[in-house]
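In what follows, a single structure is set out as structure tokens and then discussed.
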Amino acid sequence: MMEVAGPWTEVFEGSERMEKSNGADTLLGSSTLTLAPLVTDSPSVRRSQPILITSSRTKTVEHFSSSVPSIPNPFPELCSPSKSPVLNNSLPPTSSDKHLIKVYGEDNHSRSVWVSPRATAREVCHTLVQTAHCSDQENWALLELHPTLGLERCLEDHEVALEVQATWSLKGDTRLVFCKNYAKYEFFRKPVLFFPESMISDSADVSKGMTSSELIQNLLRSGTCPEIQGLLHVKEPSRKSWKKVYFFLRRSGLYCSSKGSSKEPRHLQYVADLEDLNVYTVVNSRKLYGAPTDFTFCIKPSRNPVRAQDLKILCAESEQTRTCWTSAFRLFKYGKQLQCNYQLSKSAPRSPEGTNLTENKSRSEASLVAMDFSGKAGGRVIQNPMEAQNAEKEEGQAWRRREALRCSLPNLNSGARPTSIHRSQPWFHGGVSRKEAQRLVEKQGLVDGMFLIRESQQHAQCFVLSLCYQLKTKHYLVIPCEDAGRKYFTMDDGLTLFIDLLQLVEFHQINKGILPVCLKHPCVCVAL
């Protein structure tokens with residue numbers, strides 16, 4: 001095989017053509033294939049050079065693409081405006097001062113959002129409400145959760161989220177949880193329920209008493225000396241034993257008495273400064289810390305990472321006592337700032353009309369009056385409480401007769417409303433235990449009317465309505481029964497019947513029935 005460098009021509013047999021190459025005559029009449037170079041090798045040979053492509057081709061392509069009709073985006077809110085299917089939240093913002101923060105839902109799924117360095121918990125919640133397309137914008141909160149230590153704390157609306165994260169340990173499992181909290185400012189509405197008068201006094205005047213309303217008013221004014229006092233179980237350091245100690249909470253800090261309940265300065269021992277601590281609720285305290293009761297909370301320095309040796313664990317005798325102490329810590333520390341947060345929460349944008357019927361009913365419940373329309377005068381207001389209660393019972397009985405008549409009609413399709421419709425409702429929590437139901441209610445706020453429905457673990461085919469009333473969770477058994485061959489549910493031994501759990505809930509959102517309060521706030525599981 002022979003390699004030939006340079007351009008060449010092919011000469012075949014029978015060719016009679018004559019060519020001149022380098023000044024010599026060559027006869028093209030041989031019988032063999034010869035390769036003759038067209039150009040002689042010379043140092044002036046031009047190598048291939050890059051060719052500049054003009055912009056005419058680009059313009060042609062753009063003109064072609066612009067001539068194709070654009071397809072409208074069926075989901076414009078899910079895509080970025082730059083013709084990209086990538087979600088806005090996953091793209092970094094144009095400004096470089098944004099930070100990415102990860103927030104978890106109650107289903108353990110997380111969502112990352114871009115926030116400014118000084119973004120408060122309220123602003124982060126507002127961003128999550130918008131990105132998660134929540135139906136309402138009220139009563140949302142960020143929960144600081146330490147699963148290993150069993151600590152929970154609801155961030156105040158004015159706290160900076162990134163500053164809170166900066167105090168966490170890098171190797172810990174601490175997270176922020178996006179959830180509902182209806183009791184964040186409930187003590188402003190019902191101070192008597194949160195601050196028993198037996199626990200309130202004036203530190204400057206031992207003989208002077210103070211009411212619950214006066215406590216909040218004095219805390220918002222300077223020059224007054226209110227205090228919270230009472231017995232608490234305290235865990236001794238580096239020991240498993242607990243002892244009862246009398247504590248005093250004042251503007252200047254937390255104190256304990258070395259001699260009974262004495263307030264004398266020589267008997268008071270300084271425990272902690274309010275400006276440099278946070279208060280947490282302790283979950284599963286009996287198992288984790290050997291607490292004598294379930295009503296445990298703890299205080300820790302706010303600027304240090306959470307370590308077990310830095311925790312001051314305290315245990316109360318009841319939920320009301322624990323709530324009183326934790327609420328008082330917040331009031332004594334923040335004072336007027338909490339009142340500003342409360343006013344801002346009331347001025348927050350309300351839900352669109354018809355999107356949250358339950359909360360609309362609960363807000364207008366205080367303005368409802370009992371009416372009697374049996375006469376010809378067009379109705380009258382029932383002012384007698386006993387007469388109003390009897391009218392409520394009669395209306396309940398009439399409602400039951402109407403529903404029973406409707407369900408017995410021959411044209412009613414039995415499959416139009418299946419008995420399992422409750423499984424798609426936000427207030428139904430399946431087979432959670434009694435203890436877990438109480439924890440869910442406490443987590444979203446111990447306010448009157450907070451409720452959920454779950455399957456009974458002790459009675460087959462029965463359900464349990466867990467309802468919060470006066471800082472306590474009560475449980476009511478919902479029993480299935482049959483009447484005239486039809487299946488119903490009842491909570492009062494068959495006096496009032498419901499064709500399904502959804503009807504039971506809708507009825508008790510308007511009528512108390514055997515419950516101490518109407519159903520107001522469904523305990524929901526927030527998913528991101």
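Identifiers in the structure tokens: chain A, B, ... in order shown; residue index from 1 per chain; ligand index from 1 in order shown.
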If you count only C-alpha atoms, which residues fall within 8 Å of region 448-465 of chain A, apart from same-chain ones fewer than 4 positions away, as an MDAnalysis selection string?
-> chainID A and resid 427:433 437 441 469:471 475:480 517:524
Print the selection's residues with N, CA and C atoms to a file, as a short mmCIF file (atom, residue, chain, number, x, y, z; two decimals), in the first residue's frame.
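Output file part-v5.cif follows:
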```cif
data_model
loop_
_atom_site.label_atom_id
_atom_site.label_comp_id
_atom_site.auth_asym_id
_atom_site.auth_seq_id
_atom_site.Cartn_x
_atom_site.Cartn_y
_atom_site.Cartn_z
N TRP A 427 -60.01 16.50 59.87
CA TRP A 427 -60.08 16.26 61.31
C TRP A 427 -60.04 14.78 61.67
N PHE A 428 -60.00 13.88 60.68
CA PHE A 428 -59.95 12.45 60.96
C PHE A 428 -58.49 11.99 60.95
N HIS A 429 -58.08 11.32 62.04
CA HIS A 429 -56.68 10.92 62.21
C HIS A 429 -56.50 9.41 62.34
N GLY A 430 -57.43 8.64 61.82
CA GLY A 430 -57.25 7.19 61.75
C GLY A 430 -57.15 6.55 63.12
N GLY A 431 -56.20 5.63 63.26
CA GLY A 431 -56.09 4.84 64.49
C GLY A 431 -55.05 5.34 65.46
N VAL A 432 -54.87 6.68 65.60
CA VAL A 432 -53.90 7.18 66.57
C VAL A 432 -54.38 6.85 67.98
N SER A 433 -53.45 6.74 68.89
CA SER A 433 -53.77 6.38 70.27
C SER A 433 -54.34 7.59 71.02
N ALA A 437 -53.34 11.49 70.41
CA ALA A 437 -54.39 12.47 70.13
C ALA A 437 -54.26 13.68 71.05
N VAL A 441 -53.48 17.64 69.90
CA VAL A 441 -54.30 18.78 70.31
C VAL A 441 -53.46 19.81 71.05
N TYR A 469 -61.24 21.50 76.05
CA TYR A 469 -62.10 22.44 76.78
C TYR A 469 -61.40 22.81 78.09
N GLN A 470 -61.19 24.10 78.29
CA GLN A 470 -60.55 24.62 79.50
C GLN A 470 -59.20 23.95 79.77
N LEU A 471 -58.36 23.93 78.73
CA LEU A 471 -56.98 23.42 78.80
C LEU A 471 -56.92 21.93 79.08
N HIS A 475 -62.61 13.09 75.88
CA HIS A 475 -62.81 12.08 74.84
C HIS A 475 -64.25 11.55 74.93
N TYR A 476 -64.94 11.54 73.80
CA TYR A 476 -66.34 11.11 73.73
C TYR A 476 -66.44 9.95 72.74
N LEU A 477 -67.07 8.88 73.17
CA LEU A 477 -67.21 7.69 72.36
C LEU A 477 -68.36 7.83 71.38
N VAL A 478 -68.09 7.57 70.10
CA VAL A 478 -69.11 7.59 69.04
C VAL A 478 -69.44 6.15 68.69
N ILE A 479 -70.71 5.75 68.94
CA ILE A 479 -71.12 4.35 68.82
C ILE A 479 -72.00 4.17 67.59
N PRO A 480 -71.75 3.14 66.78
CA PRO A 480 -72.66 2.83 65.67
C PRO A 480 -73.90 2.10 66.19
N VAL A 517 -68.75 22.54 74.57
CA VAL A 517 -68.52 23.66 73.66
C VAL A 517 -68.68 23.16 72.24
N CYS A 518 -69.04 24.05 71.34
CA CYS A 518 -69.18 23.66 69.93
C CYS A 518 -67.81 23.34 69.33
N LEU A 519 -67.81 22.53 68.30
CA LEU A 519 -66.59 22.21 67.58
C LEU A 519 -66.18 23.43 66.75
N LYS A 520 -64.92 23.89 66.93
CA LYS A 520 -64.48 25.11 66.26
C LYS A 520 -63.28 24.90 65.35
N HIS A 521 -62.19 24.35 65.91
CA HIS A 521 -60.93 24.27 65.18
C HIS A 521 -60.56 22.81 64.95
N PRO A 522 -60.59 22.33 63.73
CA PRO A 522 -60.16 20.95 63.48
C PRO A 522 -58.66 20.82 63.63
N CYS A 523 -58.23 19.78 64.30
CA CYS A 523 -56.81 19.50 64.46
C CYS A 523 -56.34 18.81 63.17
N VAL A 524 -55.56 19.51 62.38
CA VAL A 524 -55.19 19.01 61.05
C VAL A 524 -53.71 18.66 61.04
#
```
Cut-off 8 Å: closest region 157-249 of chain A/region 135-147 of chain A atom pairs per residue, using only C-alpha atoms, as a tab-separated table:
```
residue	atom	partner	partner_atom	distance
A:Asp157	CA	A:Ala141	CA	7.8
A:Asp173	CA	A:His146	CA	6.5
A:Thr174	CA	A:His146	CA	4.7
A:Arg175	CA	A:Leu145	CA	5.4
A:Leu176	CA	A:Glu144	CA	4.9
A:Val177	CA	A:Leu143	CA	4.9
A:Phe178	CA	A:Leu142	CA	5.0
A:Cys179	CA	A:Ala141	CA	5.6
A:Lys180	CA	A:Trp140	CA	4.7
A:Asn181	CA	A:Asn139	CA	5.4
A:Tyr182	CA	A:Asn139	CA	5.4
A:Lys184	CA	A:Asn139	CA	7.9
```
If we count only C-alpha atoms, what is near region 285-299 of chain A at a cut-off of 8 Å, once residues fewer than 3 positions away on the same chain are taken out, given as a PDB file with N, CA and C atoms, in the first residue's frame?
```pdb
ATOM      1  N   LEU A 149     -34.047  15.317  72.314  1.00  0.00           N
ATOM      2  CA  LEU A 149     -34.247  15.799  73.682  1.00  0.00           C
ATOM      3  C   LEU A 149     -35.720  15.945  74.036  1.00  0.00           C
ATOM      4  N   GLY A 150     -36.612  15.801  73.056  1.00  0.00           N
ATOM      5  CA  GLY A 150     -38.043  15.913  73.327  1.00  0.00           C
ATOM      6  C   GLY A 150     -38.485  17.328  73.627  1.00  0.00           C
ATOM      7  N   HIS A 233     -41.721  20.750  90.556  1.00  0.00           N
ATOM      8  CA  HIS A 233     -40.714  19.695  90.699  1.00  0.00           C
ATOM      9  C   HIS A 233     -39.497  20.080  89.874  1.00  0.00           C
ATOM     10  N   LYS A 240     -31.017  11.418  89.276  1.00  0.00           N
ATOM     11  CA  LYS A 240     -32.316  11.041  88.732  1.00  0.00           C
ATOM     12  C   LYS A 240     -33.475  11.452  89.616  1.00  0.00           C
ATOM     13  N   TRP A 242     -36.068  13.916  91.876  1.00  0.00           N
ATOM     14  CA  TRP A 242     -36.757  15.194  91.741  1.00  0.00           C
ATOM     15  C   TRP A 242     -37.145  15.689  93.126  1.00  0.00           C
ATOM     16  N   LEU A 277     -32.856  33.437  78.059  1.00  0.00           N
ATOM     17  CA  LEU A 277     -33.361  32.066  78.116  1.00  0.00           C
ATOM     18  C   LEU A 277     -34.580  31.919  77.225  1.00  0.00           C
ATOM     19  N   ASN A 278     -34.832  30.691  76.840  1.00  0.00           N
ATOM     20  CA  ASN A 278     -36.044  30.290  76.125  1.00  0.00           C
ATOM     21  C   ASN A 278     -36.716  29.184  76.914  1.00  0.00           C
ATOM     22  N   VAL A 279     -38.022  29.114  76.818  1.00  0.00           N
ATOM     23  CA  VAL A 279     -38.784  28.092  77.527  1.00  0.00           C
ATOM     24  C   VAL A 279     -39.331  27.103  76.510  1.00  0.00           C
ATOM     25  N   TYR A 280     -39.195  25.809  76.799  1.00  0.00           N
ATOM     26  CA  TYR A 280     -39.598  24.723  75.903  1.00  0.00           C
ATOM     27  C   TYR A 280     -40.585  23.808  76.628  1.00  0.00           C
ATOM     28  N   THR A 281     -41.482  23.236  75.857  1.00  0.00           N
ATOM     29  CA  THR A 281     -42.336  22.163  76.356  1.00  0.00           C
ATOM     30  C   THR A 281     -41.627  20.834  76.129  1.00  0.00           C
ATOM     31  N   VAL A 282     -41.676  19.960  77.121  1.00  0.00           N
ATOM     32  CA  VAL A 282     -40.999  18.672  77.040  1.00  0.00           C
ATOM     33  C   VAL A 282     -42.022  17.599  76.693  1.00  0.00           C
ATOM     34  N   LEU A 311     -29.879  22.153  80.374  1.00  0.00           N
ATOM     35  CA  LEU A 311     -31.327  22.253  80.550  1.00  0.00           C
ATOM     36  C   LEU A 311     -31.696  22.309  82.021  1.00  0.00           C
ATOM     37  N   LYS A 312     -32.602  23.223  82.333  1.00  0.00           N
ATOM     38  CA  LYS A 312     -33.203  23.290  83.667  1.00  0.00           C
ATOM     39  C   LYS A 312     -34.620  22.760  83.541  1.00  0.00           C
ATOM     40  N   ILE A 313     -34.816  21.497  83.926  1.00  0.00           N
ATOM     41  CA  ILE A 313     -36.094  20.819  83.690  1.00  0.00           C
ATOM     42  C   ILE A 313     -36.988  20.992  84.906  1.00  0.00           C
ATOM     43  N   LEU A 314     -38.212  21.461  84.656  1.00  0.00           N
ATOM     44  CA  LEU A 314     -39.199  21.715  85.697  1.00  0.00           C
ATOM     45  C   LEU A 314     -40.468  20.951  85.364  1.00  0.00           C
ATOM     46  N   CYS A 315     -41.198  20.575  86.390  1.00  0.00           N
ATOM     47  CA  CYS A 315     -42.393  19.742  86.208  1.00  0.00           C
ATOM     48  C   CYS A 315     -43.526  20.296  87.059  1.00  0.00           C
ATOM     49  N   ALA A 316     -44.700  20.513  86.448  1.00  0.00           N
ATOM     50  CA  ALA A 316     -45.875  21.043  87.140  1.00  0.00           C
ATOM     51  C   ALA A 316     -46.836  19.915  87.484  1.00  0.00           C
ATOM     52  N   GLU A 317     -47.840  20.259  88.278  1.00  0.00           N
ATOM     53  CA  GLU A 317     -48.819  19.263  88.721  1.00  0.00           C
ATOM     54  C   GLU A 317     -49.984  19.117  87.752  1.00  0.00           C
ATOM     55  N   SER A 318     -50.216  20.110  86.908  1.00  0.00           N
ATOM     56  CA  SER A 318     -51.354  20.059  85.981  1.00  0.00           C
ATOM     57  C   SER A 318     -51.001  20.834  84.724  1.00  0.00           C
ATOM     58  N   GLU A 319     -51.819  20.629  83.704  1.00  0.00           N
ATOM     59  CA  GLU A 319     -51.606  21.339  82.444  1.00  0.00           C
ATOM     60  C   GLU A 319     -51.839  22.838  82.610  1.00  0.00           C
ATOM     61  N   ARG A 322     -48.669  24.314  84.145  1.00  0.00           N
ATOM     62  CA  ARG A 322     -47.587  24.405  83.159  1.00  0.00           C
ATOM     63  C   ARG A 322     -47.853  25.531  82.159  1.00  0.00           C
ATOM     64  N   THR A 326     -45.342  28.755  81.382  1.00  0.00           N
ATOM     65  CA  THR A 326     -44.767  28.995  80.054  1.00  0.00           C
ATOM     66  C   THR A 326     -45.290  30.292  79.438  1.00  0.00           C
TER      67      THR A 326
END
```
Work out how far CA of Ile200 (chain A) is from CA of Phe247 (chain A), in Å to one decimal.
->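 Computed distance, CA of Phe247 (chain A) to CA of Ile200 (chain A), equals 12.1 Å.
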Pick from A:Gln503, A:Ser420, A:Gln509, A:Ser327 nearest to Ile216 (chain A), counting only C-alpha atoms |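 Closest to Ile216 (chain A), using only C-alpha atoms: A:Ser327.
Relative to CA of Arg239 (chain A), CA of Val306 (chain A) is found at 19.3 Å.
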Which neighbours of Asn304 (chain A) fall inside 9 Å, counting only C-alpha atoms, when residues of the same chain fewer than 5 positions from it are skipped, and could you give them as a list in words?
-> Thr167, Trp168, Ser169 and Asp310 of chain A
Residue neighbourhood Val271 (chain A), 9 Å, only C-alpha atoms, exclusion window fewer than 6 positions, as a VMD selection string | chain A and resid 253 to 256
Expected file contents, prior selection, all heavy atoms, as an mmCIF file, in the first residue's frame:
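Dumped everything to again18.cif:
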```
data_model
loop_
_atom_site.group_PDB
_atom_site.id
_atom_site.type_symbol
_atom_site.label_atom_id
_atom_site.label_comp_id
_atom_site.auth_asym_id
_atom_site.auth_seq_id
_atom_site.Cartn_x
_atom_site.Cartn_y
_atom_site.Cartn_z
ATOM 1 N N GLY A 253 -36.009 38.179 86.734
ATOM 2 C CA GLY A 253 -35.551 36.826 86.488
ATOM 3 C C GLY A 253 -36.354 35.796 87.266
ATOM 4 O O GLY A 253 -37.393 36.081 87.866
ATOM 5 N N LEU A 254 -35.833 34.576 87.254
ATOM 6 C CA LEU A 254 -36.465 33.449 87.941
ATOM 7 C C LEU A 254 -35.694 33.177 89.240
ATOM 8 O O LEU A 254 -34.455 33.089 89.235
ATOM 9 C CB LEU A 254 -36.445 32.200 87.051
ATOM 10 C CG LEU A 254 -37.050 30.926 87.632
ATOM 11 C CD1 LEU A 254 -38.554 31.081 87.859
ATOM 12 C CD2 LEU A 254 -36.795 29.725 86.717
ATOM 13 N N TYR A 255 -36.440 33.035 90.333
ATOM 14 C CA TYR A 255 -35.853 32.799 91.644
ATOM 15 C C TYR A 255 -36.493 31.565 92.269
ATOM 16 O O TYR A 255 -37.616 31.178 91.906
ATOM 17 C CB TYR A 255 -36.064 34.001 92.577
ATOM 18 C CG TYR A 255 -35.480 35.299 92.069
ATOM 19 C CD1 TYR A 255 -36.188 36.109 91.186
ATOM 20 C CD2 TYR A 255 -34.214 35.709 92.471
ATOM 21 C CE1 TYR A 255 -35.658 37.299 90.714
ATOM 22 C CE2 TYR A 255 -33.670 36.903 92.016
ATOM 23 C CZ TYR A 255 -34.400 37.686 91.133
ATOM 24 O OH TYR A 255 -33.872 38.867 90.665
ATOM 25 N N CYS A 256 -35.793 30.975 93.213
ATOM 26 C CA CYS A 256 -36.357 29.895 94.018
ATOM 27 C C CYS A 256 -36.057 30.183 95.486
ATOM 28 O O CYS A 256 -35.070 30.864 95.814
ATOM 29 C CB CYS A 256 -35.791 28.540 93.607
ATOM 30 S SG CYS A 256 -34.038 28.326 93.929
#
```
For Ser258 (chain A), list every protein, DNA or RNA residue within 9 Å, evaluated using only C-alpha atoms, and leave out those in the same chain fewer than 6 positions away; present the list as a PDB file with N, CA and C atoms, in the first residue's frame.
```
ATOM      1  N   VAL A 245     -39.708  22.548  94.848  1.00  0.00           N
ATOM      2  CA  VAL A 245     -39.118  23.834  95.203  1.00  0.00           C
ATOM      3  C   VAL A 245     -40.123  24.931  94.863  1.00  0.00           C
ATOM      4  N   TYR A 246     -40.161  25.960  95.712  1.00  0.00           N
ATOM      5  CA  TYR A 246     -41.054  27.100  95.482  1.00  0.00           C
ATOM      6  C   TYR A 246     -40.333  28.120  94.615  1.00  0.00           C
ATOM      7  N   ARG A 266     -32.986  37.062 101.771  1.00  0.00           N
ATOM      8  CA  ARG A 266     -31.936  36.133 102.204  1.00  0.00           C
ATOM      9  C   ARG A 266     -32.261  34.689 101.851  1.00  0.00           C
ATOM     10  N   HIS A 267     -33.529  34.405 101.551  1.00  0.00           N
ATOM     11  CA  HIS A 267     -33.933  33.037 101.212  1.00  0.00           C
ATOM     12  C   HIS A 267     -34.079  32.818  99.701  1.00  0.00           C
ATOM     13  N   LEU A 268     -34.002  33.908  98.917  1.00  0.00           N
ATOM     14  CA  LEU A 268     -34.198  33.796  97.470  1.00  0.00           C
ATOM     15  C   LEU A 268     -32.862  33.510  96.782  1.00  0.00           C
ATOM     16  N   GLN A 269     -32.890  32.554  95.873  1.00  0.00           N
ATOM     17  CA  GLN A 269     -31.713  32.199  95.082  1.00  0.00           C
ATOM     18  C   GLN A 269     -32.008  32.484  93.613  1.00  0.00           C
TER      19      GLN A 269
END
```
Among region 86-220 of chain A, which residues carry a DSSP assignment of strand (DSSP E), reported as a PyMOL selection string?
-> chain A and resi 99-104+110-115+140-146+151-154+175-180+200-202
How many Å lie between CA of Arg307 (chain A) and CA of His158 (chain A), rounded to one decimal?
->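 Value for the CA of Arg307 (chain A)-CA of His158 (chain A) distance: 24.9 Å.
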Test item: residues at most 8 Å from Asp276 (chain A), only C-alpha atoms, excluding those fewer than 4 positions along its chain, as a list in words =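 Here the qualifying residues turn out to be Ala272, Pro301, Ser302 and Arg303 of chain A.
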